[in-house]
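J.: This is target.cif, which holds mmCIF, C-alpha atoms:
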```cif
data_input
loop_
_atom_site.group_PDB
_atom_site.id
_atom_site.type_symbol
_atom_site.label_atom_id
_atom_site.label_comp_id
_atom_site.auth_asym_id
_atom_site.auth_seq_id
_atom_site.Cartn_x
_atom_site.Cartn_y
_atom_site.Cartn_z
ATOM 1 C CA MET A 1 9.365 10.671 -56.045
ATOM 2 C CA PHE A 2 6.914 9.369 -53.408
ATOM 3 C CA LYS A 3 6.944 5.898 -54.947
ATOM 4 C CA LYS A 4 10.755 5.845 -54.739
ATOM 5 C CA ILE A 5 10.610 6.706 -51.049
ATOM 6 C CA ILE A 6 8.080 3.910 -50.443
ATOM 7 C CA VAL A 7 10.358 1.442 -52.246
ATOM 8 C CA VAL A 8 13.331 2.521 -50.110
ATOM 9 C CA PHE A 9 11.305 2.089 -46.872
ATOM 10 C CA VAL A 10 10.099 -1.360 -48.006
ATOM 11 C CA ILE A 11 13.690 -2.422 -48.718
ATOM 12 C CA MET A 12 14.889 -1.089 -45.348
ATOM 13 C CA PHE A 13 11.963 -2.758 -43.556
ATOM 14 C CA THR A 14 12.741 -6.089 -45.298
ATOM 15 C CA LEU A 15 16.433 -5.900 -44.303
ATOM 16 C CA ASN A 16 15.611 -5.089 -40.687
ATOM 17 C CA SER A 17 12.427 -7.111 -40.199
ATOM 18 C CA CYS A 18 14.130 -9.747 -38.032
ATOM 19 C CA VAL A 19 15.665 -7.147 -35.761
ATOM 20 C CA SER A 20 12.386 -5.160 -35.519
ATOM 21 C CA LYS A 21 10.355 -8.263 -34.664
ATOM 22 C CA LYS A 22 12.885 -9.257 -32.015
ATOM 23 C CA LEU A 23 12.937 -5.755 -30.565
ATOM 24 C CA TYR A 24 9.152 -5.601 -30.591
ATOM 25 C CA GLN A 25 8.926 -8.975 -28.836
ATOM 26 C CA GLU A 26 11.457 -7.899 -26.197
ATOM 27 C CA LEU A 27 9.556 -4.663 -25.593
ATOM 28 C CA ASP A 28 6.264 -6.534 -25.451
ATOM 29 C CA ASP A 29 7.669 -9.075 -22.951
ATOM 30 C CA LYS A 30 9.199 -6.306 -20.883
ATOM 31 C CA TYR A 31 5.915 -4.405 -20.914
ATOM 32 C CA THR A 32 4.020 -7.509 -19.776
ATOM 33 C CA ASN A 33 6.477 -8.137 -16.930
ATOM 34 C CA LEU A 34 6.549 -4.509 -15.878
ATOM 35 C CA ARG A 35 2.788 -4.201 -15.990
ATOM 36 C CA SER A 36 2.518 -7.285 -13.763
ATOM 37 C CA SER A 37 5.063 -5.725 -11.409
ATOM 38 C CA ASN A 38 3.035 -2.495 -11.262
ATOM 39 C CA SER A 39 -0.172 -4.432 -10.581
ATOM 40 C CA ALA A 40 1.611 -6.355 -7.815
ATOM 41 C CA LEU A 41 2.800 -3.095 -6.216
ATOM 42 C CA ILE A 42 -0.722 -1.642 -6.288
ATOM 43 C CA LYS A 43 -2.146 -4.880 -4.839
ATOM 44 C CA GLU A 44 0.604 -4.875 -2.207
ATOM 45 C CA LYS A 45 -0.359 -1.373 -1.101
ATOM 46 C CA ASP A 46 -4.066 -2.333 -0.969
ATOM 47 C CA ASP A 47 -3.186 -5.486 1.048
ATOM 48 C CA LEU A 48 -1.120 -3.388 3.463
ATOM 49 C CA LEU A 49 -3.952 -0.926 4.017
ATOM 50 C CA ALA A 50 -6.357 -3.879 4.481
ATOM 51 C CA SER A 51 -3.930 -5.439 6.997
ATOM 52 C CA LYS A 52 -3.749 -2.130 8.880
ATOM 53 C CA LYS A 53 -7.541 -1.992 9.004
ATOM 54 C CA GLY A 54 -7.653 -5.611 10.227
ATOM 55 C CA LEU A 55 -5.152 -4.847 12.979
ATOM 56 C CA GLU A 56 -7.205 -1.862 14.077
ATOM 57 C CA VAL A 57 -10.323 -4.074 14.225
ATOM 58 C CA ASP A 58 -8.384 -6.672 16.264
ATOM 59 C CA LEU A 59 -7.169 -3.934 18.598
ATOM 60 C CA GLU A 60 -10.726 -2.705 19.192
ATOM 61 C CA LYS A 61 -11.882 -6.289 19.890
ATOM 62 C CA LEU A 62 -9.033 -6.793 22.375
ATOM 63 C CA LYS A 63 -9.925 -3.536 24.119
ATOM 64 C CA ASN A 64 -13.557 -4.653 24.444
ATOM 65 C CA GLU A 65 -12.524 -8.103 25.704
ATOM 66 C CA TYR A 66 -10.122 -6.503 28.177
ATOM 67 C CA ALA A 67 -12.941 -4.295 29.507
ATOM 68 C CA ASN A 68 -15.286 -7.309 29.820
ATOM 69 C CA LEU A 69 -12.657 -9.345 31.646
ATOM 70 C CA SER A 70 -11.985 -6.441 33.984
ATOM 71 C CA ASN A 71 -15.696 -6.346 34.849
ATOM 72 C CA GLN A 72 -15.722 -10.134 35.383
ATOM 73 C CA LYS A 73 -12.707 -9.858 37.671
ATOM 74 C CA GLU A 74 -14.461 -7.214 39.766
ATOM 75 C CA ILE A 75 -17.499 -9.502 40.064
ATOM 76 C CA LEU A 76 -15.296 -12.424 41.116
ATOM 77 C CA ASP A 77 -13.518 -10.213 43.650
ATOM 78 C CA SER A 78 -16.895 -9.252 45.151
ATOM 79 C CA GLU A 79 -18.039 -12.880 45.256
ATOM 80 C CA PHE A 80 -14.744 -13.905 46.802
ATOM 81 C CA GLU A 81 -15.046 -11.279 49.539
ATOM 82 C CA ALA A 82 -18.665 -12.273 50.200
ATOM 83 C CA LEU A 83 -17.679 -15.933 50.550
ATOM 84 C CA GLN A 84 -14.836 -15.022 52.893
ATOM 85 C CA HIS A 85 -17.262 -13.042 55.042
ATOM 86 C CA LYS A 86 -19.746 -15.898 54.993
ATOM 87 C CA PHE A 87 -17.006 -18.358 55.862
ATOM 88 C CA LYS A 88 -15.916 -16.192 58.776
ATOM 89 C CA ASN A 89 -19.467 -16.052 60.116
ATOM 90 C CA LEU A 90 -19.882 -19.811 59.762
ATOM 91 C CA ASP A 91 -16.579 -20.448 61.437
ATOM 92 C CA GLU A 92 -17.655 -18.308 64.354
ATOM 93 C CA SER A 93 -20.944 -20.191 64.478
ATOM 94 C CA TYR A 94 -19.054 -23.449 64.400
ATOM 95 C CA THR A 95 -17.039 -22.360 67.411
ATOM 96 C CA LEU A 96 -20.174 -21.469 69.319
ATOM 97 C CA LEU A 97 -21.852 -24.761 68.397
ATOM 98 C CA SER A 98 -18.804 -26.896 69.116
ATOM 99 C CA ALA A 99 -20.343 -27.875 72.423
ATOM 100 C CA GLN A 100 -23.476 -29.193 70.717
ATOM 101 C CA SER A 101 -24.141 -32.712 69.529
ATOM 102 C CA SER A 102 -21.717 -34.513 67.271
ATOM 103 C CA LYS A 103 -24.408 -34.702 64.606
ATOM 104 C CA LYS A 104 -24.775 -30.965 64.480
ATOM 105 C CA LEU A 105 -21.029 -30.607 64.567
ATOM 106 C CA ALA A 106 -20.689 -33.005 61.637
ATOM 107 C CA GLU A 107 -23.339 -31.105 59.683
ATOM 108 C CA GLN A 108 -21.634 -27.830 60.399
ATOM 109 C CA ALA A 109 -18.264 -29.312 59.489
ATOM 110 C CA LYS A 110 -19.660 -30.463 56.129
ATOM 111 C CA LYS A 111 -21.064 -27.007 55.426
ATOM 112 C CA ASN A 112 -17.708 -25.525 56.247
ATOM 113 C CA GLN A 113 -16.000 -28.045 53.966
ATOM 114 C CA ASP A 114 -18.404 -27.194 51.134
ATOM 115 C CA LEU A 115 -17.847 -23.518 51.631
ATOM 116 C CA LEU A 116 -14.091 -24.025 51.666
ATOM 117 C CA ALA A 117 -14.346 -25.997 48.408
ATOM 118 C CA GLN A 118 -16.420 -23.233 46.867
ATOM 119 C CA LEU A 119 -13.971 -20.659 48.110
ATOM 120 C CA GLU A 120 -11.016 -22.578 46.669
ATOM 121 C CA GLU A 121 -12.817 -22.969 43.334
ATOM 122 C CA LYS A 122 -13.593 -19.258 43.188
ATOM 123 C CA GLU A 123 -10.006 -18.442 44.088
ATOM 124 C CA LYS A 124 -8.794 -20.804 41.359
ATOM 125 C CA ASN A 125 -11.118 -19.166 38.808
ATOM 126 C CA LEU A 126 -10.023 -15.734 39.939
ATOM 127 C CA THR A 127 -6.366 -16.686 39.492
ATOM 128 C CA ALA A 128 -7.079 -18.108 36.008
ATOM 129 C CA GLU A 129 -8.973 -14.981 34.963
ATOM 130 C CA SER A 130 -6.217 -12.772 36.317
ATOM 131 C CA THR A 131 -3.642 -14.708 34.292
ATOM 132 C CA ARG A 132 -5.795 -14.492 31.182
ATOM 133 C CA LEU A 133 -6.309 -10.790 31.750
ATOM 134 C CA GLU A 134 -2.556 -10.248 32.023
ATOM 135 C CA ASN A 135 -1.965 -12.196 28.810
ATOM 136 C CA LEU A 136 -4.590 -10.154 27.010
ATOM 137 C CA GLN A 137 -3.008 -6.979 28.298
ATOM 138 C CA LYS A 138 0.349 -8.091 26.882
ATOM 139 C CA GLU A 139 -1.253 -8.959 23.547
ATOM 140 C CA LEU A 140 -3.083 -5.645 23.532
ATOM 141 C CA SER A 141 0.169 -3.774 24.149
ATOM 142 C CA LYS A 142 1.895 -5.762 21.422
ATOM 143 C CA ARG A 143 -0.856 -5.033 18.889
ATOM 144 C CA SER A 144 -0.923 -1.356 19.840
ATOM 145 C CA LEU A 145 2.829 -1.118 19.347
ATOM 146 C CA GLN A 146 2.582 -2.890 15.986
ATOM 147 C CA ILE A 147 -0.173 -0.559 14.794
ATOM 148 C CA ASN A 148 1.772 2.485 15.992
ATOM 149 C CA GLU A 149 4.875 1.312 14.147
ATOM 150 C CA LEU A 150 2.819 0.602 11.029
ATOM 151 C CA GLN A 151 1.165 4.016 11.178
ATOM 152 C CA SER A 152 4.546 5.690 11.704
ATOM 153 C CA LEU A 153 5.920 3.993 8.597
ATOM 154 C CA ILE A 154 2.862 4.959 6.547
ATOM 155 C CA ASP A 155 3.066 8.562 7.806
ATOM 156 C CA ALA A 156 6.776 8.649 6.981
ATOM 157 C CA LYS A 157 6.096 7.386 3.457
ATOM 158 C CA GLU A 158 3.348 9.979 3.007
ATOM 159 C CA ALA A 159 5.629 12.771 4.250
ATOM 160 C CA GLN A 160 8.377 11.542 1.930
ATOM 161 C CA MET A 161 5.997 11.626 -1.037
ATOM 162 C CA GLN A 162 4.848 15.159 -0.129
ATOM 163 C CA GLN A 163 8.480 16.317 0.036
ATOM 164 C CA LEU A 164 9.126 14.628 -3.297
ATOM 165 C CA LYS A 165 6.074 16.331 -4.805
ATOM 166 C CA ASN A 166 7.320 19.730 -3.600
ATOM 167 C CA ALA A 167 10.789 19.049 -5.010
ATOM 168 C CA ILE A 168 9.329 18.025 -8.375
ATOM 169 C CA SER A 169 7.009 21.045 -8.488
ATOM 170 C CA ASN A 170 9.973 23.330 -7.771
ATOM 171 C CA ALA A 171 12.131 21.609 -10.407
ATOM 172 C CA LEU A 172 9.414 21.831 -13.089
ATOM 173 C CA HIS A 173 7.847 25.195 -12.272
ATOM 174 C CA ASN A 174 9.208 26.628 -15.537
ATOM 175 C CA PHE A 175 6.933 24.252 -17.437
ATOM 176 C CA GLU A 176 3.684 25.167 -15.691
ATOM 177 C CA GLY A 177 1.037 26.109 -18.246
ATOM 178 C CA LYS A 178 2.877 24.175 -20.956
ATOM 179 C CA GLY A 179 0.982 20.924 -20.653
ATOM 180 C CA LEU A 180 2.579 19.708 -17.404
ATOM 181 C CA THR A 181 0.829 19.022 -14.086
ATOM 182 C CA VAL A 182 2.000 17.512 -10.775
ATOM 183 C CA VAL A 183 -0.616 15.989 -8.434
ATOM 184 C CA HIS A 184 -0.263 14.141 -5.097
ATOM 185 C CA LYS A 185 -3.167 11.752 -4.419
ATOM 186 C CA ASN A 186 -3.755 8.297 -2.909
ATOM 187 C CA GLY A 187 -0.205 8.177 -1.584
ATOM 188 C CA LYS A 188 1.301 8.587 -5.074
ATOM 189 C CA ILE A 189 2.572 11.439 -7.230
ATOM 190 C CA TYR A 190 1.243 11.827 -10.770
ATOM 191 C CA VAL A 191 3.356 13.876 -13.197
ATOM 192 C CA SER A 192 1.379 14.341 -16.423
ATOM 193 C CA MET A 193 2.989 15.753 -19.583
ATOM 194 C CA GLU A 194 0.891 16.427 -22.666
ATOM 195 C CA ASN A 195 2.412 15.363 -25.972
ATOM 196 C CA LYS A 196 2.602 18.967 -27.158
ATOM 197 C CA LEU A 197 5.436 19.358 -24.646
ATOM 198 C CA LEU A 198 7.196 16.117 -25.579
ATOM 199 C CA PHE A 199 6.529 14.784 -29.084
ATOM 200 C CA ASP A 200 5.596 15.823 -32.588
ATOM 201 C CA SER A 201 2.498 14.165 -34.051
ATOM 202 C CA GLY A 202 3.089 10.459 -34.662
ATOM 203 C CA SER A 203 6.643 10.667 -33.309
ATOM 204 C CA TRP A 204 8.288 9.118 -30.267
ATOM 205 C CA ALA A 205 11.380 11.325 -30.407
ATOM 206 C CA VAL A 206 11.384 13.705 -27.417
ATOM 207 C CA GLY A 207 11.695 17.367 -28.372
ATOM 208 C CA VAL A 208 14.120 19.874 -26.857
ATOM 209 C CA GLU A 209 11.678 21.429 -24.357
ATOM 210 C CA GLY A 210 10.264 18.071 -23.360
ATOM 211 C CA LYS A 211 13.738 16.646 -22.840
ATOM 212 C CA LYS A 212 14.581 19.558 -20.518
ATOM 213 C CA ALA A 213 11.491 18.840 -18.432
ATOM 214 C CA VAL A 214 12.251 15.105 -18.203
ATOM 215 C CA GLU A 215 15.894 15.786 -17.313
ATOM 216 C CA GLN A 216 14.868 18.172 -14.537
ATOM 217 C CA LEU A 217 12.504 15.508 -13.223
ATOM 218 C CA ALA A 218 15.360 12.983 -13.383
ATOM 219 C CA SER A 219 17.541 15.278 -11.264
ATOM 220 C CA VAL A 220 14.996 14.847 -8.447
ATOM 221 C CA LEU A 221 14.269 11.143 -8.948
ATOM 222 C CA SER A 222 17.951 10.179 -9.049
ATOM 223 C CA LYS A 223 18.200 11.347 -5.424
ATOM 224 C CA ASN A 224 15.254 9.200 -4.308
ATOM 225 C CA LYS A 225 16.446 5.618 -4.662
ATOM 226 C CA ASP A 226 13.454 3.963 -2.954
ATOM 227 C CA ILE A 227 10.730 5.396 -5.210
ATOM 228 C CA ASN A 228 9.096 3.193 -7.849
ATOM 229 C CA VAL A 229 8.656 5.028 -11.168
ATOM 230 C CA LEU A 230 5.959 3.939 -13.640
ATOM 231 C CA ILE A 231 6.011 5.589 -17.087
ATOM 232 C CA GLU A 232 2.679 5.287 -18.938
ATOM 233 C CA GLY A 233 2.209 6.296 -22.568
ATOM 234 C CA HIS A 234 -1.315 7.345 -23.623
ATOM 235 C CA THR A 235 -2.776 8.240 -27.039
ATOM 236 C CA ASP A 236 -6.068 9.518 -28.414
ATOM 237 C CA ASN A 237 -8.337 7.221 -30.419
ATOM 238 C CA ASP A 238 -7.145 8.279 -33.878
ATOM 239 C CA PRO A 239 -5.876 5.129 -35.674
ATOM 240 C CA TYR A 240 -2.107 5.032 -36.101
ATOM 241 C CA SER A 241 0.212 2.824 -38.119
ATOM 242 C CA SER A 242 3.588 3.118 -39.788
ATOM 243 C CA VAL A 243 6.277 0.976 -41.311
ATOM 244 C CA VAL A 244 7.779 0.404 -37.869
ATOM 245 C CA LEU A 245 4.737 0.503 -35.570
ATOM 246 C CA LEU A 246 1.418 -1.304 -35.932
ATOM 247 C CA ASP A 247 -0.967 0.792 -33.875
ATOM 248 C CA ASN A 248 -1.493 3.099 -30.886
ATOM 249 C CA TRP A 249 -0.325 0.362 -28.514
ATOM 250 C CA ASP A 250 3.082 0.349 -30.169
ATOM 251 C CA LEU A 251 3.222 4.147 -30.242
ATOM 252 C CA SER A 252 2.323 4.494 -26.551
ATOM 253 C CA VAL A 253 5.018 1.965 -25.581
ATOM 254 C CA LYS A 254 7.673 3.649 -27.751
ATOM 255 C CA ARG A 255 6.893 7.014 -26.172
ATOM 256 C CA ALA A 256 7.071 5.545 -22.668
ATOM 257 C CA THR A 257 10.452 3.897 -23.338
ATOM 258 C CA ALA A 258 11.747 7.144 -24.843
ATOM 259 C CA ILE A 259 11.118 8.819 -21.476
ATOM 260 C CA VAL A 260 12.699 5.848 -19.647
ATOM 261 C CA ARG A 261 15.916 6.246 -21.624
ATOM 262 C CA ILE A 262 16.219 9.920 -20.697
ATOM 263 C CA LEU A 263 15.662 9.163 -16.998
ATOM 264 C CA LYS A 264 18.203 6.341 -17.086
ATOM 265 C CA ALA A 265 20.754 8.516 -18.894
ATOM 266 C CA LYS A 266 20.355 11.146 -16.159
ATOM 267 C CA GLY A 267 21.093 8.799 -13.276
ATOM 268 C CA VAL A 268 17.754 7.246 -12.325
ATOM 269 C CA ASN A 269 18.317 3.608 -11.347
ATOM 270 C CA PRO A 270 16.723 1.412 -14.068
ATOM 271 C CA THR A 271 15.541 -1.040 -11.391
ATOM 272 C CA GLN A 272 13.166 1.696 -10.183
ATOM 273 C CA ILE A 273 11.590 2.252 -13.598
ATOM 274 C CA THR A 274 8.674 0.525 -15.340
ATOM 275 C CA ALA A 275 7.552 1.455 -18.876
ATOM 276 C CA ALA A 276 3.971 0.791 -19.989
ATOM 277 C CA GLY A 277 1.813 1.615 -23.007
ATOM 278 C CA ARG A 278 -1.898 2.223 -22.301
ATOM 279 C CA SER A 279 -2.834 3.192 -25.897
ATOM 280 C CA GLU A 280 -6.192 5.033 -26.155
ATOM 281 C CA PHE A 281 -8.042 3.139 -23.457
ATOM 282 C CA ILE A 282 -7.628 5.401 -20.412
ATOM 283 C CA PRO A 283 -8.608 8.887 -21.644
ATOM 284 C CA VAL A 284 -8.819 11.844 -19.295
ATOM 285 C CA ASP A 285 -11.076 13.838 -21.603
ATOM 286 C CA THR A 286 -13.418 13.337 -24.539
ATOM 287 C CA ASN A 287 -12.002 12.279 -27.891
ATOM 288 C CA GLU A 288 -14.776 14.185 -29.658
ATOM 289 C CA THR A 289 -12.860 17.504 -29.639
ATOM 290 C CA LYS A 290 -9.359 18.545 -30.607
ATOM 291 C CA ALA A 291 -8.755 19.925 -27.099
ATOM 292 C CA GLY A 292 -9.880 16.643 -25.536
ATOM 293 C CA LYS A 293 -7.684 14.590 -27.854
ATOM 294 C CA ALA A 294 -4.707 16.802 -26.984
ATOM 295 C CA LYS A 295 -5.196 16.085 -23.265
ATOM 296 C CA ASN A 296 -5.495 12.350 -23.901
ATOM 297 C CA ARG A 297 -2.171 12.300 -25.803
ATOM 298 C CA ARG A 298 0.123 12.332 -22.806
ATOM 299 C CA ILE A 299 2.837 10.699 -20.720
ATOM 300 C CA GLU A 300 1.974 9.980 -17.084
ATOM 301 C CA ILE A 301 4.826 9.384 -14.653
ATOM 302 C CA ILE A 302 3.458 7.722 -11.516
ATOM 303 C CA LEU A 303 5.705 7.736 -8.456
ATOM 304 C CA ALA A 304 4.954 5.304 -5.637
ATOM 305 C CA PRO A 305 6.781 4.627 -2.337
ATOM 306 C CA ASN A 306 8.506 1.327 -1.631
ATOM 307 C CA PHE A 307 6.498 -0.650 0.956
ATOM 308 C CA ASP A 308 9.147 -3.314 1.716
ATOM 309 C CA GLU A 309 9.602 -2.080 5.320
ATOM 310 C CA ILE A 310 5.854 -2.214 5.975
ATOM 311 C CA SER A 311 5.604 -5.719 4.477
ATOM 312 C CA LYS A 312 8.474 -6.852 6.688
ATOM 313 C CA LEU A 313 6.710 -5.474 9.790
ATOM 314 C CA LEU A 314 3.456 -7.245 8.922
ATOM 315 C CA ASN A 315 5.262 -10.548 8.357
ATOM 316 C CA GLU A 316 7.047 -10.486 11.729
#
```
Please re-express this file's structure in structure tokens.
T.:
Amino acid sequence: MFKKIIVVFVIMFTLNSCVSKKLYQELDDKYTNLRSSNSALIKEKDDLLASKKGLEVDLEKLKNEYANLSNQKEILDSEFEALQHKFKNLDESYTLLSAQSSKKLAEQAKKNQDLLAQLEEKEKNLTAESTRLENLQKELSKRSLQINELQSLIDAKEAQMQQLKNAISNALHNFEGKGLTVVHKNGKIYVSMENKLLFDSGSWAVGVEGKKAVEQLASVLSKNKDINVLIEGHTDNDPYSSVVLLDNWDLSVKRATAIVRILKAKGVNPTQITAAGRSEFIPVDTNETKAGKAKNRRIEIILAPNFDEISKLLNE
């Protein structure tokens, strides 16, 4: 009887081999593109945080330069006042000595001329420094406003993700203790579902309880149109193969796309969703025990905010 079943599977596999190869290639291409998109989003977030840090460094430098220029302006003001006082005294002396010889008058006139030149030069420098100080003040205000706007956007995104995490936790509270966890960290939300909640061993068909959990998650995500959703399939390190699938890579991808289809069917915009298979290579526990293997066999749904507004602000 077993041999007959094998023969039937071989015949079915032969008849459908073209379709299966094409489907596998499409899924593989889609996985590659979606994985690149996910990497780009992560890099974009890191670049944005680095840009924010750079702006804060620039702001601190501008503040220090502003303080230095303010001190220089005070020094120039003091020098200017001292020169004015000196000029006044010399002018008075010149008046008193006006009756003296023409030689002395010429000498005094030259001193006065030199002092006037110095005074004009100092006044010119003072005007230039004042203009520069004003320009720096404008630039400082502009940078401060930009950083405040950037921080407001980041805070808003963080608050949005916290609200989303609360909504998801409320929607999935019935599944707590059944292999499901919801964690908010690094600006993202991680929804982890162990395979015991979703799939039978070696299968990528979602069970009744698992489907309920995914549908309840979809009811929240469908209302958040600007959230990027990454579905990652993970396996343990036990070798896997079948007539349809080659290995754990294939199995992890099939399980991820099974979740994607449920989310899409329940109203989540497919442009928000990325499916990825991570196979056995990112375990969360040891593969040396049954309990550890069970934790490693999981679906992780990673929710990240859309940073388009922040990118637009940085590019202005």
J.: Which one of A:Leu150, A:Ala276, A:Leu251, A:Ile301 sits closest to Ser201 of chain A if you count all atoms listed in the file?
T.: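 When distances to Ser201 of chain A are compared using all atoms listed in the file, the smallest one comes from A:Leu251.
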J.: Looking at A:Asn135, A:Thr257, A:Ser242, A:Thr235, which one is nearest to Lys293 of chain A, with distances taken over all atoms listed in the file?
T.: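 So, comparing all the options, the nearest one is A:Thr235.
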J.: So which one's closest to Val244 of chain A, A:Gln84, A:Ser203, A:Ser70, A:Asn269? Using only C-alpha atoms, please.
T.: A:Ser203
J.: Give me the residues within 9 Å of segment 51-59 of chain A as JSON, numbers by chain, counting all atoms listed in the file and dropping any in the same chain fewer than 4 places off.
T.: {"A": [46, 47, 63, 64, 140, 143, 144, 146, 147, 150, 151, 314]}
J.: Which one is closest to Gly277 of chain A: A:Tyr24, A:Phe80, A:Tyr31, A:Phe175? Count all atoms listed in the file.
T.: A:Tyr31
J.: To one decimal place in Å, what is the distance between atom CA of Glu280 of chain A and atom CA of Pro239 of chain A?
T.: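 So the two atoms, atom CA of Glu280 of chain A and atom CA of Pro239 of chain A, lie 9.5 Å apart.
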J.: Any idea what the distance is between atom CA of Asn170 of chain A and atom CA of Ser219 of chain A?
T.: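 These atoms are spaced 11.6 Å apart.
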J.: Any idea what the distance is between atom CA of Val208 of chain A and atom CA of Ala171 of chain A?
T.: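 Separation between atom CA of Val208 of chain A and atom CA of Ala171 of chain A: 16.7 Å.
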J.: Rank A:Leu97, A:Ala205, A:Val191, A:Val229 by their smallest atom-to-atom distance to Pro270 of chain A, using all atoms listed in the file, and report the top residue only.
T.: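 Among A:Leu97, A:Ala205, A:Val191, A:Val229, it is A:Val229 that comes nearest to Pro270 of chain A.
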